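**Q** Here's a structure for you.
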Amino acid sequence: MPKASIDVLRKHALRVHEDVADMLNTDSELEEDAIHGLRVAAKEVRALWQLLKPLLDDARAEQAIASLGEAASSLSEARDQYVTADTLARLCQRGRGKDARQALENALELLQAGRSGGDTRAVASMQLRKSWAEDGKRWQTLDINISQAELISEGYGRLYRKAHRLTHSALKSDDIQLWHSLRKWVKYLALTLPLAGDNSKLEALCSDITRLGKKLGRLHDLDRLLSEIATLKWPDQDSEQPAYVSHLIRREIGTALEECAALAKDLFDDEPRKFIRELKRLSH
């Protein structure tokens, strides 16, 4: 059985690890681009382990997913604060009408005033370095015999089944958390499908799934922003502003939900068996 599929995954993982080693090679505070890069890298490698999880007969995948998840979480406060403020700043730029822009700009000022720079600092801690070093060893010693057909049926099939189920549940529910859960599996597919093959149809599918991931990411950021806006302390003379700002954000959330629903329905309408058959065909 050719090991090409596993070799591709291992080489990709180790390339990500090389990039991470460069980002962690500092004793100084991590810059914003490094924090973002480390979080993206953790998602990439976790996606690979999620792909392999149903094909392994031990706990390596679970251990790696949990460890890298904790590593990413250690950087989450710094990144999330930046993303929330950036999301609100973009809404200010797009605000329709003078009153809307002014209310959003006031909210941004309050949001930024309530934060201290020290809260957003992040460093390359020993635990962070250890988590990545341990995962590097997992990939270097990975020796499994899995065919491309097995990888597609069990690995990619599992990721698609998760996304398919969550899409249909989210479409029937008003629970926004289902869309947030879907985002994770869409990301895993977007990060791993490019490794399944190289042709224009697969590239187009990857592009659409990546686009959905970005839309779900925006939905997630807007929902986080809405929660944070509720905690702001507004001046007494601005008593109506919190409700107005929340209304503006909810309107954006509604638009984002519609876009996510339309694209997700299109991408995950097929039954998993049909997706698996098509991916096997495209991967050859």
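Labels used: A, B, ... for chains in the order of the structure tokens, numbers from 1 for residues in each chain, and numbers from 1 for ligands as shown.
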Env of region 259-265 of chain A: 9 Å cut, atoms = only C-alpha atoms, seq-sep filter 4 positions within chain, self excluded. Answer as a short mmCIF file (atom, residue, chain, number, x, y, z; two decimals) with N, CA and C atoms, in the first residue's frame.

**A**
```cif
data_model
loop_
_atom_site.label_atom_id
_atom_site.label_comp_id
_atom_site.auth_asym_id
_atom_site.auth_seq_id
_atom_site.Cartn_x
_atom_site.Cartn_y
_atom_site.Cartn_z
N ALA A 163 -19.69 18.18 9.94
CA ALA A 163 -20.16 19.44 9.36
C ALA A 163 -21.57 19.29 8.80
N HIS A 164 -21.84 18.17 8.16
CA HIS A 164 -23.16 17.89 7.59
C HIS A 164 -24.23 17.89 8.70
N THR A 167 -24.67 21.43 10.27
CA THR A 167 -25.35 22.34 9.34
C THR A 167 -26.85 22.13 9.39
N HIS A 168 -27.28 20.88 9.30
CA HIS A 168 -28.71 20.59 9.29
C HIS A 168 -29.36 20.92 10.64
N ALA A 170 -28.24 23.32 12.71
CA ALA A 170 -28.24 24.78 12.82
C ALA A 170 -29.34 25.41 11.98
N LEU A 171 -29.60 24.84 10.81
CA LEU A 171 -30.64 25.38 9.93
C LEU A 171 -32.04 25.23 10.53
N TRP A 179 -23.85 27.15 15.06
CA TRP A 179 -23.02 27.71 14.00
C TRP A 179 -21.57 27.84 14.46
N ASP A 208 -14.44 27.38 -1.51
CA ASP A 208 -15.77 27.65 -0.96
C ASP A 208 -15.84 27.33 0.53
N ILE A 209 -15.21 26.24 0.94
CA ILE A 209 -15.23 25.88 2.36
C ILE A 209 -14.43 26.89 3.17
N ARG A 211 -14.11 30.00 2.38
CA ARG A 211 -14.97 31.20 2.42
C ARG A 211 -16.03 31.07 3.51
N LEU A 212 -16.62 29.88 3.63
CA LEU A 212 -17.59 29.66 4.70
C LEU A 212 -16.93 29.80 6.06
N GLY A 213 -15.71 29.26 6.19
CA GLY A 213 -14.99 29.38 7.46
C GLY A 213 -14.79 30.82 7.87
N LYS A 215 -16.68 33.39 6.93
CA LYS A 215 -17.98 33.96 7.29
C LYS A 215 -18.41 33.52 8.69
N LEU A 216 -18.16 32.24 9.01
CA LEU A 216 -18.47 31.75 10.35
C LEU A 216 -17.57 32.42 11.39
N LEU A 219 -19.07 35.75 12.04
CA LEU A 219 -20.24 35.57 12.90
C LEU A 219 -19.83 35.38 14.35
N GLY A 254 -27.47 39.14 12.00
CA GLY A 254 -28.53 38.59 11.18
C GLY A 254 -28.09 38.41 9.73
N THR A 255 -27.39 39.41 9.20
CA THR A 255 -26.88 39.32 7.83
C THR A 255 -25.86 38.20 7.70
N ASP A 269 -25.09 19.85 1.72
CA ASP A 269 -26.40 19.28 1.43
C ASP A 269 -26.31 17.79 1.09
#
```

**Q** Nearest to Ser28 (chain A) among A:Ser169, A:Asn106, A:Thr84, A:Ser125, with distances taken over only C-alpha atoms: which residue is it?

**A**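 Nearest to Ser28 (chain A): A:Ser125.
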
**Q** Do a neighbour search on region 16-26 of chain A at 8 Å with only C-alpha atoms, toss out local chain neighbours closer than 4 positions, and write the hits as a PyMOL selection string.

**A** chain A and resi 12+30+34+37-38+41+44-45+124+129+132+136

**Q** Pick out the residues sitting within 10 Å of Leu56 (chain A), and hand them over as a VMD selection string; count only C-alpha atoms, and ignore anything fewer than 5 positions along from it in its own chain.

**A** chain A and resid 49 61 to 62 144 to 146
